[in-house]
$ cat data22.cif   # mmCIF, C-alpha atoms and all ligand atoms
data_final
loop_
_atom_site.label_atom_id
_atom_site.label_comp_id
_atom_site.auth_asym_id
_atom_site.auth_seq_id
_atom_site.Cartn_x
_atom_site.Cartn_y
_atom_site.Cartn_z
CA MET A 1 -36.53 -37.29 -102.02
CA HIS A 2 -36.07 -37.34 -98.25
CA SER A 3 -34.99 -34.37 -96.16
CA LEU A 4 -31.73 -34.66 -94.20
CA ASP A 5 -33.70 -34.59 -90.95
CA ALA A 6 -35.90 -37.45 -92.17
CA ILE A 7 -32.79 -39.45 -93.11
CA LYS A 8 -31.22 -38.81 -89.72
CA LYS A 9 -34.37 -39.98 -88.00
CA ALA A 10 -34.44 -43.07 -90.21
CA ILE A 11 -30.82 -43.85 -89.20
CA CYS A 12 -31.69 -43.53 -85.50
CA ASP A 13 -34.74 -45.80 -85.97
CA LEU A 14 -32.67 -48.36 -87.88
CA ALA A 15 -29.99 -48.26 -85.16
CA ASN A 16 -32.65 -48.92 -82.58
CA GLU A 17 -34.03 -51.87 -84.58
CA GLN A 18 -30.50 -53.31 -84.78
CA GLY A 19 -30.11 -53.15 -81.02
CA PHE A 20 -27.93 -50.04 -80.72
CA GLN A 21 -28.68 -47.81 -77.76
CA GLN A 22 -27.53 -44.56 -79.40
CA ALA A 23 -26.65 -43.12 -82.80
CA ARG A 24 -25.29 -39.57 -82.86
CA VAL A 25 -23.66 -37.37 -85.46
CA SER A 26 -20.52 -35.24 -85.48
CA ASP A 27 -18.52 -33.36 -88.09
CA VAL A 28 -15.14 -34.68 -89.25
CA HIS A 29 -12.83 -32.11 -87.64
CA THR A 30 -10.41 -33.82 -85.29
CA GLY A 31 -8.53 -30.64 -84.15
CA LYS A 32 -7.51 -30.84 -80.46
CA TYR A 33 -8.37 -34.56 -80.29
CA PHE A 34 -5.82 -35.44 -82.95
CA GLU A 35 -3.17 -33.16 -81.38
CA GLU A 36 -3.66 -34.93 -78.05
CA PHE A 37 -3.39 -38.34 -79.72
CA GLU A 38 -0.24 -37.32 -81.61
CA ARG A 39 1.39 -36.05 -78.39
CA TRP A 40 0.56 -39.33 -76.67
CA VAL A 41 2.19 -41.35 -79.45
CA ASN A 42 5.21 -39.02 -79.59
CA ASP A 43 5.66 -39.57 -75.85
CA GLY A 44 5.90 -43.32 -76.57
CA MET A 45 2.88 -44.17 -74.42
CA HIS A 46 1.52 -46.56 -77.04
CA GLY A 47 4.32 -49.03 -76.31
CA SER A 48 4.82 -51.57 -79.09
CA MET A 49 1.53 -50.77 -80.88
CA SER A 50 3.45 -49.41 -83.86
CA TYR A 51 0.32 -49.46 -86.05
CA LEU A 52 -0.75 -46.36 -84.12
CA GLU A 53 2.23 -44.47 -85.55
CA ARG A 54 1.14 -45.16 -89.11
CA ASN A 55 -1.52 -43.43 -91.20
CA MET A 56 -1.54 -40.32 -89.03
CA ASP A 57 -3.03 -38.27 -91.88
CA LEU A 58 -5.91 -40.73 -92.31
CA ARG A 59 -6.59 -40.50 -88.59
CA GLN A 60 -6.51 -36.73 -88.69
CA PHE A 61 -8.60 -36.32 -91.85
CA PRO A 62 -11.48 -38.85 -92.10
CA GLU A 63 -12.18 -37.64 -95.64
CA LYS A 64 -8.83 -39.13 -96.68
CA LEU A 65 -9.87 -42.51 -95.29
CA GLN A 66 -13.21 -42.40 -97.09
CA PRO A 67 -13.44 -39.70 -99.81
CA GLU A 68 -16.31 -37.18 -99.53
CA THR A 69 -16.95 -37.96 -95.86
CA CYS A 70 -18.42 -34.93 -94.11
CA ARG A 71 -20.11 -36.59 -91.09
CA VAL A 72 -19.29 -39.39 -88.68
CA ILE A 73 -22.20 -41.26 -87.10
CA SER A 74 -21.18 -42.90 -83.83
CA PHE A 75 -23.13 -45.86 -82.49
CA ARG A 76 -23.25 -47.33 -78.97
CA TYR A 77 -23.80 -51.03 -78.27
CA ASP A 78 -23.95 -52.14 -74.61
CA TYR A 79 -22.20 -55.39 -73.76
CA LEU A 80 -22.33 -56.04 -70.01
CA PRO A 81 -23.58 -59.60 -69.46
CA GLU A 82 -25.93 -60.42 -66.62
CA LYS A 83 -24.43 -61.67 -63.33
CA ALA A 84 -21.04 -60.16 -64.12
CA SER A 85 -19.86 -61.05 -60.57
CA PHE A 86 -16.99 -58.61 -60.53
CA GLY A 87 -16.40 -58.70 -56.79
CA LYS A 88 -16.49 -62.49 -56.73
CA ILE A 89 -13.74 -62.92 -59.33
CA LEU A 90 -11.49 -60.27 -57.81
CA SER A 91 -11.90 -61.95 -54.41
CA ALA A 92 -10.98 -65.40 -55.73
CA PRO A 93 -7.30 -65.39 -56.81
CA GLU A 94 -7.53 -69.02 -57.93
CA LEU A 95 -10.12 -68.06 -60.60
CA ALA A 96 -9.35 -66.44 -63.95
CA ASN A 97 -10.30 -62.79 -64.28
CA ILE A 98 -11.08 -62.01 -67.93
CA SER A 99 -12.20 -58.62 -69.15
CA ARG A 100 -15.97 -58.57 -69.49
CA TYR A 101 -15.98 -57.59 -73.15
CA ALA A 102 -14.13 -60.80 -74.05
CA LEU A 103 -16.26 -63.40 -72.27
CA GLY A 104 -18.45 -64.13 -75.28
CA ARG A 105 -18.03 -63.94 -79.03
CA ASP A 106 -15.93 -61.28 -80.73
CA TYR A 107 -18.02 -58.14 -81.19
CA HIS A 108 -16.37 -56.87 -84.38
CA LYS A 109 -18.27 -59.05 -86.85
CA LEU A 110 -21.64 -58.66 -85.16
CA ILE A 111 -21.47 -54.87 -84.97
CA ARG A 112 -19.99 -54.46 -88.43
CA LYS A 113 -22.85 -56.51 -89.90
CA LYS A 114 -25.42 -54.39 -88.11
CA LEU A 115 -23.78 -51.15 -89.31
CA GLN A 116 -23.64 -52.48 -92.87
CA LEU A 117 -27.37 -53.25 -92.73
CA ILE A 118 -28.12 -49.72 -91.56
CA ALA A 119 -25.94 -48.15 -94.26
CA ARG A 120 -27.49 -50.33 -97.00
CA SER A 121 -30.96 -49.26 -95.90
CA VAL A 122 -29.91 -45.60 -96.06
CA GLU A 123 -28.61 -46.25 -99.57
CA GLU A 124 -32.17 -46.99 -100.61
CA LEU A 125 -33.26 -43.53 -99.44
CA VAL A 126 -30.44 -41.48 -100.97
CA ASP A 127 -28.84 -41.20 -104.41
CA ASP A 128 -25.02 -41.32 -104.59
CA LEU A 129 -24.49 -42.28 -101.00
CA SER A 130 -20.86 -42.80 -100.09
CA PHE A 131 -20.22 -44.57 -96.82
CA ARG A 132 -17.84 -46.85 -94.94
CA VAL A 133 -18.34 -48.63 -91.63
CA PHE A 134 -15.73 -49.05 -88.92
CA VAL A 135 -15.52 -51.14 -85.79
CA ASP A 136 -12.17 -50.60 -84.15
CA SER A 137 -10.57 -51.58 -87.45
CA ALA A 138 -8.87 -48.60 -89.04
CA PRO A 139 -7.14 -45.36 -88.06
CA VAL A 140 -10.25 -43.74 -86.60
CA LEU A 141 -10.34 -41.58 -83.45
CA GLU A 142 -13.46 -43.37 -82.30
CA THR A 143 -13.68 -42.15 -78.71
CA SER A 144 -13.12 -38.59 -79.94
CA PHE A 145 -16.07 -38.83 -82.33
CA ALA A 146 -18.16 -40.42 -79.56
CA GLU A 147 -17.29 -37.44 -77.38
CA LYS A 148 -17.93 -34.86 -80.11
CA SER A 149 -21.31 -36.36 -80.92
CA GLY A 150 -22.41 -36.56 -77.27
CA ILE A 151 -22.53 -40.36 -76.89
CA GLY A 152 -20.79 -39.50 -73.64
CA TRP A 153 -17.82 -37.68 -72.17
CA LYS A 154 -14.22 -38.88 -71.99
CA GLY A 155 -13.59 -40.13 -68.46
CA LYS A 156 -10.28 -39.68 -66.67
CA HIS A 157 -9.64 -43.35 -67.54
CA THR A 158 -9.99 -42.27 -71.23
CA LEU A 159 -13.08 -44.39 -71.97
CA THR A 160 -16.37 -42.82 -72.99
CA ILE A 161 -18.95 -42.51 -70.19
CA ASN A 162 -22.65 -42.12 -70.73
CA GLN A 163 -24.59 -40.61 -67.85
CA GLU A 164 -27.43 -43.15 -68.10
CA ALA A 165 -25.42 -46.22 -69.11
CA GLY A 166 -21.88 -46.00 -67.71
CA SER A 167 -19.02 -47.20 -69.91
CA TRP A 168 -19.61 -50.89 -70.67
CA PHE A 169 -20.28 -50.45 -74.38
CA PHE A 170 -18.68 -50.88 -77.79
CA LEU A 171 -18.48 -48.11 -80.35
CA GLY A 172 -18.86 -48.30 -84.11
CA GLU A 173 -18.94 -45.62 -86.80
CA ILE A 174 -20.35 -44.93 -90.22
CA PHE A 175 -18.50 -42.31 -92.28
CA ILE A 176 -20.99 -40.73 -94.63
CA ASN A 177 -21.17 -37.99 -97.29
CA LEU A 178 -24.50 -36.51 -96.12
CA PRO A 179 -24.38 -33.17 -94.28
CA LEU A 180 -26.72 -34.33 -91.49
CA SER A 181 -27.25 -31.95 -88.57
CA THR A 182 -24.63 -32.56 -85.87
CA ASP A 183 -25.39 -33.41 -82.24
CA SER A 184 -23.84 -31.59 -79.28
CA PRO A 185 -21.26 -32.94 -76.83
CA VAL A 186 -22.37 -33.51 -73.23
CA GLU A 187 -20.89 -32.02 -70.08
CA ASN A 188 -17.96 -33.92 -68.49
CA LYS A 189 -19.16 -35.18 -65.11
CA CYS A 190 -15.99 -36.69 -63.65
CA GLY A 191 -15.74 -33.66 -61.36
CA GLN A 192 -13.44 -34.15 -58.34
CA CYS A 193 -13.58 -37.96 -58.60
CA ASN A 194 -10.26 -39.77 -59.05
CA ALA A 195 -11.41 -43.30 -58.22
CA CYS A 196 -10.10 -44.88 -61.44
CA ILE A 197 -6.70 -43.23 -61.02
CA ASN A 198 -6.40 -44.28 -57.38
CA LEU A 199 -7.54 -47.88 -57.89
CA CYS A 200 -5.69 -48.77 -61.09
CA PRO A 201 -3.55 -51.74 -60.02
CA THR A 202 -0.45 -50.65 -61.97
CA ALA A 203 -0.80 -46.84 -61.76
CA ALA A 204 -1.25 -46.76 -65.54
CA ILE A 205 -3.44 -43.62 -65.51
CA VAL A 206 -0.45 -41.33 -65.21
CA ALA A 207 -2.55 -38.14 -65.29
CA PRO A 208 -6.25 -37.47 -65.72
CA TYR A 209 -7.21 -38.47 -69.27
CA LYS A 210 -3.80 -40.02 -69.95
CA ILE A 211 -2.95 -43.74 -69.86
CA ASP A 212 0.55 -45.03 -70.26
CA ALA A 213 -0.27 -48.20 -72.18
CA ARG A 214 3.07 -49.71 -71.20
CA ARG A 215 1.81 -49.91 -67.61
CA CYS A 216 -1.76 -50.96 -68.41
CA ILE A 217 -2.76 -54.60 -67.83
CA SER A 218 -4.96 -54.57 -70.94
CA TYR A 219 -1.92 -53.72 -73.04
CA LEU A 220 0.43 -56.02 -71.15
CA THR A 221 -1.83 -59.08 -71.45
CA ILE A 222 -3.25 -58.49 -74.95
CA GLU A 223 -1.11 -56.24 -77.14
CA ASN A 224 2.32 -57.00 -75.73
CA LYS A 225 3.78 -60.13 -77.28
CA ASP A 226 6.97 -60.27 -75.22
CA SER A 227 7.90 -60.93 -71.64
CA ILE A 228 5.82 -58.97 -69.10
CA PRO A 229 8.05 -56.66 -67.03
CA LEU A 230 8.65 -57.96 -63.51
CA GLU A 231 7.45 -54.76 -61.88
CA PHE A 232 3.84 -55.38 -63.00
CA ARG A 233 3.47 -59.11 -62.43
CA GLU A 234 2.30 -59.11 -58.81
CA ALA A 235 -0.08 -56.21 -59.47
CA MET A 236 -1.70 -58.21 -62.28
CA GLY A 237 -3.22 -60.56 -59.71
CA ASN A 238 -5.55 -62.99 -61.49
CA ARG A 239 -6.19 -60.74 -64.55
CA ILE A 240 -5.25 -62.96 -67.49
CA TYR A 241 -6.88 -61.08 -70.37
CA GLY A 242 -7.45 -57.36 -70.09
CA CYS A 243 -8.50 -55.48 -66.99
CA ASP A 244 -11.80 -53.90 -65.98
CA ASP A 245 -10.71 -52.18 -62.80
CA CYS A 246 -10.94 -48.55 -63.91
CA GLN A 247 -14.49 -49.19 -65.10
CA LEU A 248 -15.34 -51.08 -61.92
CA ALA A 249 -14.14 -48.16 -59.83
CA CYS A 250 -16.25 -45.66 -61.75
CA PRO A 251 -19.40 -44.53 -59.95
CA TRP A 252 -21.20 -43.95 -63.25
CA ASN A 253 -21.23 -47.69 -63.84
CA ARG A 254 -23.86 -48.02 -61.14
CA PHE A 255 -26.17 -47.14 -64.00
CA ALA A 256 -24.78 -49.64 -66.48
CA SER A 257 -27.37 -51.40 -68.62
CA ILE A 258 -27.30 -55.17 -68.92
CA SER A 259 -27.03 -56.57 -72.45
CA GLN A 260 -29.35 -59.33 -73.60
CA GLU A 261 -27.22 -60.00 -76.69
CA SER A 262 -26.61 -63.74 -76.77
CA ASP A 263 -23.17 -63.30 -78.43
CA PHE A 264 -21.89 -61.48 -75.35
CA GLN A 265 -22.91 -64.09 -72.79
CA PRO A 266 -19.93 -65.97 -71.28
CA ARG A 267 -18.79 -69.13 -73.07
CA TYR A 268 -16.87 -72.09 -71.64
CA ASN A 269 -17.45 -70.84 -68.10
CA LEU A 270 -14.93 -68.07 -68.80
CA ASP A 271 -16.56 -65.81 -66.22
CA SER A 272 -15.70 -68.13 -63.32
CA GLU A 273 -13.20 -70.74 -64.48
CA SER A 274 -10.23 -71.86 -62.41
CA LEU A 275 -6.77 -70.78 -63.54
CA LEU A 276 -5.56 -74.34 -63.34
CA ASN A 277 -8.27 -75.65 -65.67
CA LEU A 278 -7.43 -72.98 -68.24
CA PHE A 279 -3.70 -73.58 -67.88
CA ASN A 280 -4.31 -77.26 -68.62
CA TRP A 281 -5.96 -76.55 -71.97
CA THR A 282 -3.87 -77.88 -74.84
CA GLU A 283 -3.09 -75.64 -77.79
CA GLU A 284 -5.73 -77.50 -79.76
CA GLU A 285 -8.34 -76.91 -77.05
CA PHE A 286 -7.36 -73.24 -76.90
CA ASN A 287 -7.84 -72.83 -80.65
CA GLN A 288 -11.02 -74.83 -80.81
CA ARG A 289 -12.81 -73.48 -77.72
CA LEU A 290 -11.89 -69.88 -78.39
CA LEU A 291 -12.94 -69.93 -82.04
CA GLY A 292 -14.87 -66.68 -82.55
CA SER A 293 -13.55 -65.19 -79.30
CA PRO A 294 -11.32 -62.10 -79.21
CA ILE A 295 -9.01 -63.97 -76.82
CA ARG A 296 -7.82 -66.33 -79.55
CA ARG A 297 -5.96 -63.49 -81.25
CA ILE A 298 -3.28 -63.31 -78.54
CA GLY A 299 -2.20 -66.88 -79.34
CA PHE A 300 -1.48 -69.85 -77.09
CA ASP A 301 1.92 -68.65 -75.88
CA CYS A 302 0.66 -65.31 -74.54
CA TRP A 303 -2.37 -67.10 -73.05
CA GLN A 304 -0.06 -69.44 -71.11
CA ARG A 305 2.28 -66.58 -70.21
CA ASN A 306 -0.61 -64.62 -68.66
CA ILE A 307 -2.02 -67.60 -66.77
CA ALA A 308 1.43 -68.51 -65.46
CA ILE A 309 1.70 -65.06 -63.85
CA ALA A 310 -1.77 -65.40 -62.31
CA LEU A 311 -0.84 -68.84 -60.94
CA GLY A 312 2.25 -67.28 -59.38
CA ASN A 313 -0.10 -64.82 -57.68
CA ALA A 314 -2.57 -67.52 -56.56
CA PRO A 315 -2.58 -68.84 -52.99
CA ASN A 316 0.14 -71.41 -52.37
CA ASN A 317 -1.01 -74.84 -53.43
CA ASP A 318 0.93 -78.03 -54.19
CA LEU A 319 -1.16 -78.83 -57.25
CA ILE A 320 -0.38 -75.42 -58.77
CA ALA A 321 3.34 -75.88 -58.17
CA LYS A 322 3.23 -79.37 -59.68
CA THR A 323 1.27 -78.24 -62.74
CA LEU A 324 3.67 -75.36 -63.34
CA GLN A 325 6.62 -77.70 -62.99
CA ASP A 326 5.09 -80.25 -65.41
CA LYS A 327 4.52 -77.59 -68.09
CA LEU A 328 8.03 -76.24 -67.88
CA GLU A 329 9.69 -78.73 -70.15
CA ASN A 330 7.49 -78.31 -73.21
CA SER A 331 6.96 -74.56 -73.03
CA SER A 332 8.53 -71.90 -75.22
CA PRO A 333 11.42 -69.95 -73.65
CA MET A 334 9.13 -66.96 -72.97
CA VAL A 335 6.45 -69.03 -71.24
CA ALA A 336 9.11 -71.04 -69.36
CA GLU A 337 10.58 -67.82 -67.94
CA HIS A 338 7.13 -66.82 -66.62
CA ILE A 339 6.59 -70.29 -65.18
CA GLN A 340 9.93 -70.05 -63.36
CA TRP A 341 8.82 -66.72 -61.92
CA ALA A 342 5.48 -68.22 -60.87
CA LEU A 343 7.22 -71.14 -59.16
CA GLY A 344 9.36 -68.65 -57.25
CA GLN A 345 6.25 -66.73 -56.17
CA GLN A 346 4.52 -69.92 -55.07
CA GLN A 347 7.58 -70.77 -52.99
CA LYS A 348 7.66 -67.26 -51.51
CA SER A 349 3.99 -67.30 -50.49
CA HIS A 350 4.46 -70.81 -49.05
CA THR A 351 7.23 -69.55 -46.80
CA ALA A 352 5.61 -66.24 -45.86
CA ASN A 353 2.00 -67.48 -45.83
CA THR A 354 0.92 -64.10 -47.23
CA THR A 355 -2.39 -62.96 -48.68
CA THR A 356 -2.45 -62.79 -52.47
CA ILE A 357 -4.96 -59.99 -52.99
CA SER A 358 -3.33 -56.56 -53.15
CA ASN A 359 -4.53 -53.69 -50.95
CA LYS A 360 -5.76 -51.78 -53.99
CA THR A 361 -7.81 -54.75 -55.16
CA GLN A 362 -9.25 -55.24 -51.68
CA LYS A 363 -10.27 -51.58 -51.69
CA LEU A 364 -11.80 -52.01 -55.13
CA ILE A 365 -13.80 -55.04 -53.93
CA ARG A 366 -15.21 -52.98 -51.04
CA THR A 367 -16.08 -50.20 -53.48
CA ILE A 368 -17.88 -52.62 -55.80
CA ASN A 369 -19.79 -54.26 -52.98
CA LYS A 370 -21.01 -50.87 -51.80
CA MET A 371 -21.80 -49.61 -55.28
CA LEU A 372 -23.26 -52.76 -56.78
CA PRO A 373 -24.92 -54.77 -54.01
CA ARG A 374 -26.50 -57.03 -56.70
CA ASP A 375 -22.97 -58.20 -57.57
CA ALA A 376 -21.76 -58.96 -54.04
S1 LIG A 401 -7.44 -51.23 -67.65
FE1 LIG A 401 -6.66 -51.73 -65.60
S2 LIG A 401 -4.47 -51.37 -65.73
FE2 LIG A 401 -5.38 -50.36 -67.50
S3 LIG A 401 -5.78 -48.26 -66.82
FE3 LIG A 401 -7.64 -49.40 -66.40
S4 LIG A 401 -7.41 -50.08 -64.28
FE4 LIG A 401 -5.39 -49.48 -65.01
S1 LIG A 402 -13.87 -43.16 -61.84
FE1 LIG A 402 -14.30 -41.03 -61.50
S2 LIG A 402 -12.64 -39.91 -62.50
FE2 LIG A 402 -12.61 -42.01 -63.29
S3 LIG A 402 -13.82 -41.93 -65.13
FE3 LIG A 402 -15.23 -42.49 -63.49
S4 LIG A 402 -16.08 -40.54 -62.75
FE4 LIG A 402 -14.28 -40.07 -64.00
#

$ encode --input "data22.cif" --output "structure tokens" --more "lines below"
Ligand code: SF4
Ligand code: SF4
Amino acid sequence: MHSLDAIKKAICDLANEQGFQQARVSDVHTGKYFEEFERWVNDGMHGSMSYLERNMDLRQFPEKLQPETCRVISFRYDYLPEKASFGKILSAPELANISRYALGRDYHKLIRKKLQLIARSVEELVDDLSFRVFVDSAPVLETSFAEKSGIGWKGKHTLTINQEAGSWFFLGEIFINLPLSTDSPVENKCGQCNACINLCPTAAIVAPYKIDARRCISYLTIENKDSIPLEFREAMGNRIYGCDDCQLACPWNRFASISQESDFQPRYNLDSESLLNLFNWTEEEFNQRLLGSPIRRIGFDCWQRNIAIALGNAPNNDLIAKTLQDKLENSSPMVAEHIQWALGQQQKSHTANTTTISNKTQKLIRTINKMLPRDA
């Protein structure tokens, strides 16, 4: 028979062996965190993510999701690949800017497998263990549990920040029926900083700790399956899948750890590929090359839609205009509408000879180059 403290230590050791950087415990009470989430949904800020409206009671009461749960163990797994070259991609509007978490293989399977291994090992130490693992897969308030357990604090951009590691990490959870001792939250160290709010390209952080998903490039390029509203297209720049800008602006990411995990290293040159090359992928190439990548889930149409916008924002170039024109005929009505827009933008920048990098992005590049000289 093992004491609860010995089991908790064993879980932390197992987490370490599996490559997690932290494992911390909280109780299951969601109180103010759930109320805040519910208000956000009621205000419609979740856009078309209607799955967030469902299963509210499971989200509020973890013990309804997994009976007997009395503790949530939150795990941190860093993902930042080496040579992330943030400044370089933002400064090159002809290259594709893809959110760092999506450059390699999908993290869900890898992390779920690691959490399952940990839970199975704990099963050998304890009789009647009841557990369930989660990786961004069910109605779980994961950043709230990360905050409660002290993995980090909730930044004004709403992501979890760890003082020693920044915010480039995935979270996973094990719900468990063991009354392990809980860990304490850490102090919020955003202070007077508002860098993420000021540098967000689409002003999506509408108040500290509140994102309007309908304005956020991550939502617009990944979750949204329809036409992208005109008002955000120029601000999207070359961001074709997600957006990292609020994390890039954050001074705590000076301390970000680099991940050695081979699954998270960029594939198919996705960290520095030209927009035109990606736009020329056929549907078959898209499906085959992005097998095992989170990007594949948005589907070929949304992929082309996003790249079309970025090509509209790219410096004027005859080859871009010709490629857009050539694709027009065989594209779906949604993609065709974005291509038409891009052709109009190309024409506009040809006439005006304007720069294609927004002032906010230029400011962000200067911030990055100052903060992360290794990236410059
Ligand atoms: S991901 Fe980009 S668009 Fe969304 S809040 Fe952060 S900076 Fe703004
Ligand atoms: S950029 Fe500043 S305000 Fe935003 S999360 Fe980081 S520390 Fe907090």

$ closest_atom_pairs --input "data22.cif" --of "chain A" --to "ligand LIG 401 (chain A)" --cutoff "9 Å" --atoms "all atoms listed in the file" --output "Markdown table"
| residue | atom | partner | partner_atom | distance |
| --- | --- | --- | --- | --- |
| A:Ser99 | CA | A:LIG401 | S1 | 8.9 |
| A:His157 | CA | A:LIG401 | S3 | 6.3 |
| A:Thr158 | CA | A:LIG401 | S3 | 8.5 |
| A:Cys196 | CA | A:LIG401 | S4 | 6.5 |
| A:Ile197 | CA | A:LIG401 | FE4 | 7.5 |
| A:Leu199 | CA | A:LIG401 | S4 | 6.8 |
| A:Cys200 | CA | A:LIG401 | S4 | 3.9 |
| A:Pro201 | CA | A:LIG401 | FE4 | 5.8 |
| A:Thr202 | CA | A:LIG401 | S2 | 5.6 |
| A:Ala203 | CA | A:LIG401 | FE4 | 6.2 |
| A:Ala204 | CA | A:LIG401 | S3 | 4.9 |
| A:Ile205 | CA | A:LIG401 | S3 | 5.4 |
| A:Val206 | CA | A:LIG401 | S3 | 8.9 |
| A:Ile211 | CA | A:LIG401 | S3 | 6.1 |
| A:Asp212 | CA | A:LIG401 | S3 | 7.9 |
| A:Ala213 | CA | A:LIG401 | FE2 | 7.3 |
| A:Arg215 | CA | A:LIG401 | S2 | 6.7 |
| A:Cys216 | CA | A:LIG401 | FE2 | 3.8 |
| A:Ile217 | CA | A:LIG401 | S2 | 4.2 |
| A:Ser218 | CA | A:LIG401 | S1 | 5.3 |
| A:Tyr219 | CA | A:LIG401 | FE2 | 7.3 |
| A:Leu220 | CA | A:LIG401 | S2 | 8.7 |
| A:Met236 | CA | A:LIG401 | S2 | 8.1 |
| A:Gly242 | CA | A:LIG401 | S1 | 6.6 |
| A:Cys243 | CA | A:LIG401 | FE1 | 4.4 |
| A:Asp244 | CA | A:LIG401 | S1 | 5.4 |
| A:Asp245 | CA | A:LIG401 | S4 | 4.2 |
| A:Cys246 | CA | A:LIG401 | S4 | 3.9 |
| A:Gln247 | CA | A:LIG401 | FE3 | 7.0 |
| A:Leu248 | CA | A:LIG401 | S4 | 8.3 |
| A:Ala249 | CA | A:LIG401 | S4 | 8.3 |

$ atom_distance --input "data22.cif" --atom1 "atom CA of A:His338" --atom2 "atom CA of A:Leu52"
28.1 Å

$ residues_near_ligand --input "data22.cif" --ligand "ligand LIG 402 (chain A)" --cutoff "12 Å" --atoms "all atoms listed in the file" --output "number ranges by chain"
A: 152-163, 166-168, 188-200, 205, 207-211, 244-255, 364, 367-368

$ atom_distance --input "data22.cif" --atom1 "atom CA of A:Ala15" --atom2 "atom CA of A:Arg267"
26.6 Å

$ atom_distance --input "data22.cif" --atom1 "atom CA of A:Gly47" --atom2 "atom CA of A:Ile298"
16.3 Å

$ residues_around --input "data22.cif" --residues "A:Lys88" --least-positions-apart "6" --cutoff "12 Å" --atoms "only C-alpha atoms" --output "ChimeraX atom specification"
/A:94-97,238,271-273,361-362,364-366,368-369,372-376

$ residues_around --input "data22.cif" --residues "stretch 30-38 of chain A" --least-positions-apart "2" --cutoff "6 Å" --atoms "all atoms listed in the file" --output "number ranges by chain"
A: 40-41, 60

$ write_last_selection --input "data22.cif" --atoms "C-alpha atoms" --output "short mmCIF file (atom, residue, chain, number, x, y, z; two decimals), in the frame of the given file"
data_model
loop_
_atom_site.label_atom_id
_atom_site.label_comp_id
_atom_site.auth_asym_id
_atom_site.auth_seq_id
_atom_site.Cartn_x
_atom_site.Cartn_y
_atom_site.Cartn_z
CA TRP A 40 0.56 -39.33 -76.67
CA VAL A 41 2.19 -41.35 -79.45
CA GLN A 60 -6.51 -36.73 -88.69
#
